[in-house]
Amino acid sequence: MDRSKSIALLNHALADELQAVHQYMFFHFHLTDQGLAPLSMLFKRTAIEEMIHVEKLAERILFLKGEVKMAAAGPVAPITEATAMLKQAMAMEESSQIDYNKSAIECGANADAVTKQLFESLVVDEERHFDQFEKQFEKIERFGLNYLALQSFGNSTEPGAGGPNA
């Protein structure tokens with residue numbers, strides 16, 4: 001097994017996961033500011049899951065005696081409109097699925113079964129994330145942007161906004 005190949009693939013994935021954390025937290029902040037709490041929380045939960053991926057990738061890199069490179073793959077896209085956020089998130093998740101499948105195959109060919117399994121487990125999570133984002137996007141397409149606004153009633157902490165203090 002050539003550890004350097006696996007380490008390079010793992011660091012590439014780690015950079016992508018860091019990018020997702022930054023992007024999804026940006027979306028979370030802006031959606032919270034817009035009063036769209038349920039969608040905001042989906043992005044926050046997904047960002048936390050991506051942080052767990054960063055941790056797993058870093059642990060594997062260190063096990064292989066590699067250097068963990070903590071640099072995101074790119075800058076945060078300044079998207080503040082909900083449907084555009086979902087489109088961006090779906091594209092990111094789909095790209096990760098493709099990359100991680102290829103990485104799993106490459107690790108298998110390199111006789112690194114454990115890293116292969118790690119990439120395969122990441123694919124499962126990324127498919128689930130894609131599905132969650134796609135379902136929200138489809139509901140917005142079906143019911144319009146009011147779908148998001150209606151979800152937010154009862155989630156506000158402002159007095160008189162349908163929350164617990166209303």
# chains A, B, ... in the order shown; residues from 1 in each chain; ligands from 1
>>> residues_around(residues="Ile61 (chain A)", least_positions_apart="2", cutoff="10 Å", atoms="only C-alpha atoms", output="list in words")
Arg3, Ser4, Ser6, Ile7, Ala8, Leu9, Leu10, Asn11, Leu14, Glu55, Lys56, Leu57, Ala58, Glu59, Phe63, Leu64, Lys65, Gly66, Glu67, Val68, Lys69 and Thr115 of chain A
>>> residues_around(residues="Ser103 (chain A)", least_positions_apart="4", cutoff="7 Å", atoms="only C-alpha atoms", output="PDB file with C-alpha atoms, in the first residue's frame")
ATOM      1  CA  LEU A   9      -7.099  11.591  -1.271  1.00  0.00           C
ATOM      2  CA  ASP A  99     -15.268  12.132  -5.729  1.00  0.00           C
ATOM      3  CA  CYS A 107      -7.973   3.093  -2.263  1.00  0.00           C
ATOM      4  CA  PHE A 119     -14.925   6.844   1.697  1.00  0.00           C
TER       5      PHE A 119
END
>>> closest_residue(among="A:Leu42, A:Arg60, A:Glu141, A:Arg128", to="Asp112 (chain A)", atoms="only C-alpha atoms")
A:Arg60
>>> closest_residue(among="A:Met70, A:Ala37, A:Ile105, A:Met1", to="Phe153 (chain A)", atoms="only C-alpha atoms")
A:Ala37
>>> closest_residue(among="A:Leu36, A:Leu31, A:Leu150, A:Ala89", to="Ala77 (chain A)", atoms="only C-alpha atoms")
A:Ala89
>>> closest_residue(among="A:Ala104, A:Ala111, A:Met90, A:Leu148", to="Phe130 (chain A)", atoms="only C-alpha atoms")
A:Met90
>>> residues_around(residues="Glu138 (chain A)", least_positions_apart="3", cutoff="12 Å", atoms="only C-alpha atoms", output="list in words")
Thr83, Leu86, Lys87, Met90, Phe130, Asp131, Gln132, Phe133, Glu134, Lys135, Glu141, Arg142, Phe143, Gly144, Leu145, Tyr147 and Leu148 of chain A
>>> select_by_dssp(residues="region 13-159 of chain A", states="helix (DSSP H, G or I)", output="VMD selection string")
chain A and resid 13 to 33 37 to 63 82 to 109 113 to 143 146 to 152
>>> residues_around(residues="Gly74 (chain A)", least_positions_apart="3", cutoff="10 Å", atoms="only C-alpha atoms", output="PyMOL selection string")
chain A and resi 15-16+18-20+22-23+71+77
>>> write_last_selection(atoms="C-alpha atoms", output="mmCIF file, in the first residue's frame")
data_model
loop_
_atom_site.group_PDB
_atom_site.id
_atom_site.type_symbol
_atom_site.label_atom_id
_atom_site.label_comp_id
_atom_site.auth_asym_id
_atom_site.auth_seq_id
_atom_site.Cartn_x
_atom_site.Cartn_y
_atom_site.Cartn_z
ATOM 1 C CA ALA A 15 -10.644 20.285 2.184
ATOM 2 C CA ASP A 16 -14.018 19.628 0.539
ATOM 3 C CA LEU A 18 -14.229 22.056 5.422
ATOM 4 C CA GLN A 19 -15.617 23.966 2.460
ATOM 5 C CA ALA A 20 -19.029 22.414 3.091
ATOM 6 C CA HIS A 22 -18.109 26.953 5.960
ATOM 7 C CA GLN A 23 -20.729 27.162 3.214
ATOM 8 C CA ALA A 71 -7.484 24.401 4.370
ATOM 9 C CA ALA A 77 -20.192 31.505 -2.169
#
>>> closest_residue(among="A:Ile48, A:Val21, A:Glu126, A:Val54", to="Ser95 (chain A)", atoms="only C-alpha atoms")
A:Glu126
>>> atom_distance(atom1="CA of Phe29 (chain A)", atom2="CA of Lys139 (chain A)")
21.6 Å
>>> atom_distance(atom1="CA of Tyr100 (chain A)", atom2="CA of Thr80 (chain A)")
27.9 Å
>>> decode(residues="region 25-60 of chain A", atoms="N, CA and C atoms", output="CSV table (one decimal), in the first residue's frame")
chain,number,residue,atom,x,y,z
A,25,MET,N,-22.7,26.7,7.1
A,25,MET,CA,-22.9,27.6,8.3
A,25,MET,C,-23.2,29.0,7.8
A,26,PHE,N,-22.6,29.5,6.7
A,26,PHE,CA,-23.0,30.7,6.0
A,26,PHE,C,-24.5,30.7,5.7
A,27,PHE,N,-25.0,29.6,5.1
A,27,PHE,CA,-26.4,29.5,4.8
A,27,PHE,C,-27.2,29.5,6.0
A,28,HIS,N,-26.8,28.8,7.1
A,28,HIS,CA,-27.5,28.8,8.3
A,28,HIS,C,-27.7,30.2,8.9
A,29,PHE,N,-26.6,31.0,8.9
A,29,PHE,CA,-26.7,32.3,9.5
A,29,PHE,C,-27.7,33.2,8.7
A,30,HIS,N,-27.6,33.1,7.4
A,30,HIS,CA,-28.5,34.0,6.6
A,30,HIS,C,-29.9,33.5,6.7
A,31,LEU,N,-30.2,32.2,6.7
A,31,LEU,CA,-31.5,31.8,6.8
A,31,LEU,C,-32.1,32.1,8.1
A,32,THR,N,-31.3,32.0,9.2
A,32,THR,CA,-31.8,32.4,10.5
A,32,THR,C,-32.2,33.9,10.5
A,33,ASP,N,-31.3,34.7,9.9
A,33,ASP,CA,-31.6,36.1,9.8
A,33,ASP,C,-32.9,36.4,9.0
A,34,GLN,N,-33.2,35.6,8.1
A,34,GLN,CA,-34.4,35.7,7.2
A,34,GLN,C,-35.6,35.2,7.9
A,35,GLY,N,-35.5,34.5,9.1
A,35,GLY,CA,-36.6,34.0,9.8
A,35,GLY,C,-37.0,32.6,9.3
A,36,LEU,N,-36.1,31.9,8.6
A,36,LEU,CA,-36.5,30.6,8.0
A,36,LEU,C,-35.8,29.5,8.8
A,37,ALA,N,-36.3,29.4,10.0
A,37,ALA,CA,-35.6,28.5,11.0
A,37,ALA,C,-35.5,27.0,10.6
A,38,PRO,N,-36.5,26.4,10.1
A,38,PRO,CA,-36.4,24.9,9.8
A,38,PRO,C,-35.3,24.7,8.8
A,39,LEU,N,-35.3,25.4,7.7
A,39,LEU,CA,-34.2,25.2,6.7
A,39,LEU,C,-32.9,25.6,7.2
A,40,SER,N,-32.8,26.7,8.0
A,40,SER,CA,-31.6,27.1,8.7
A,40,SER,C,-31.0,25.9,9.5
A,41,MET,N,-31.9,25.3,10.3
A,41,MET,CA,-31.4,24.2,11.1
A,41,MET,C,-31.0,23.0,10.3
A,42,LEU,N,-31.6,22.7,9.2
A,42,LEU,CA,-31.1,21.6,8.3
A,42,LEU,C,-29.7,21.9,7.9
A,43,PHE,N,-29.4,23.1,7.5
A,43,PHE,CA,-28.0,23.5,7.1
A,43,PHE,C,-27.0,23.4,8.3
A,44,LYS,N,-27.5,23.8,9.5
A,44,LYS,CA,-26.6,23.7,10.7
A,44,LYS,C,-26.3,22.2,11.0
A,45,ARG,N,-27.4,21.4,11.0
A,45,ARG,CA,-27.2,20.0,11.3
A,45,ARG,C,-26.2,19.3,10.3
A,46,THR,N,-26.4,19.7,9.0
A,46,THR,CA,-25.6,19.1,8.0
A,46,THR,C,-24.1,19.6,8.2
A,47,ALA,N,-23.9,20.8,8.5
A,47,ALA,CA,-22.6,21.3,8.8
A,47,ALA,C,-21.9,20.6,9.9
A,48,ILE,N,-22.7,20.3,11.0
A,48,ILE,CA,-22.1,19.5,12.1
A,48,ILE,C,-21.7,18.1,11.6
A,49,GLU,N,-22.5,17.5,10.8
A,49,GLU,CA,-22.2,16.2,10.3
A,49,GLU,C,-20.9,16.3,9.4
A,50,GLU,N,-20.8,17.3,8.6
A,50,GLU,CA,-19.6,17.5,7.8
A,50,GLU,C,-18.4,17.7,8.7
A,51,MET,N,-18.5,18.3,9.9
A,51,MET,CA,-17.4,18.5,10.9
A,51,MET,C,-17.0,17.1,11.4
A,52,ILE,N,-18.0,16.2,11.6
A,52,ILE,CA,-17.6,14.9,12.0
A,52,ILE,C,-16.8,14.2,10.9
A,53,HIS,N,-17.2,14.4,9.6
A,53,HIS,CA,-16.4,13.8,8.5
A,53,HIS,C,-15.0,14.4,8.6
A,54,VAL,N,-14.8,15.7,8.8
A,54,VAL,CA,-13.5,16.2,8.9
A,54,VAL,C,-12.7,15.5,10.0
A,55,GLU,N,-13.3,15.3,11.1
A,55,GLU,CA,-12.6,14.6,12.2
A,55,GLU,C,-12.2,13.1,11.8
A,56,LYS,N,-13.1,12.4,11.2
A,56,LYS,CA,-12.8,11.0,10.7
A,56,LYS,C,-11.7,11.0,9.7
A,57,LEU,N,-11.7,12.0,8.8
A,57,LEU,CA,-10.7,12.0,7.7
A,57,LEU,C,-9.3,12.4,8.4
A,58,ALA,N,-9.3,13.3,9.3
A,58,ALA,CA,-8.1,13.7,10.0
A,58,ALA,C,-7.5,12.6,10.8
A,59,GLU,N,-8.4,11.9,11.5
A,59,GLU,CA,-7.9,10.7,12.3
A,59,GLU,C,-7.2,9.7,11.4
A,60,ARG,N,-7.8,9.4,10.2
A,60,ARG,CA,-7.2,8.4,9.3
A,60,ARG,C,-5.9,8.9,8.7
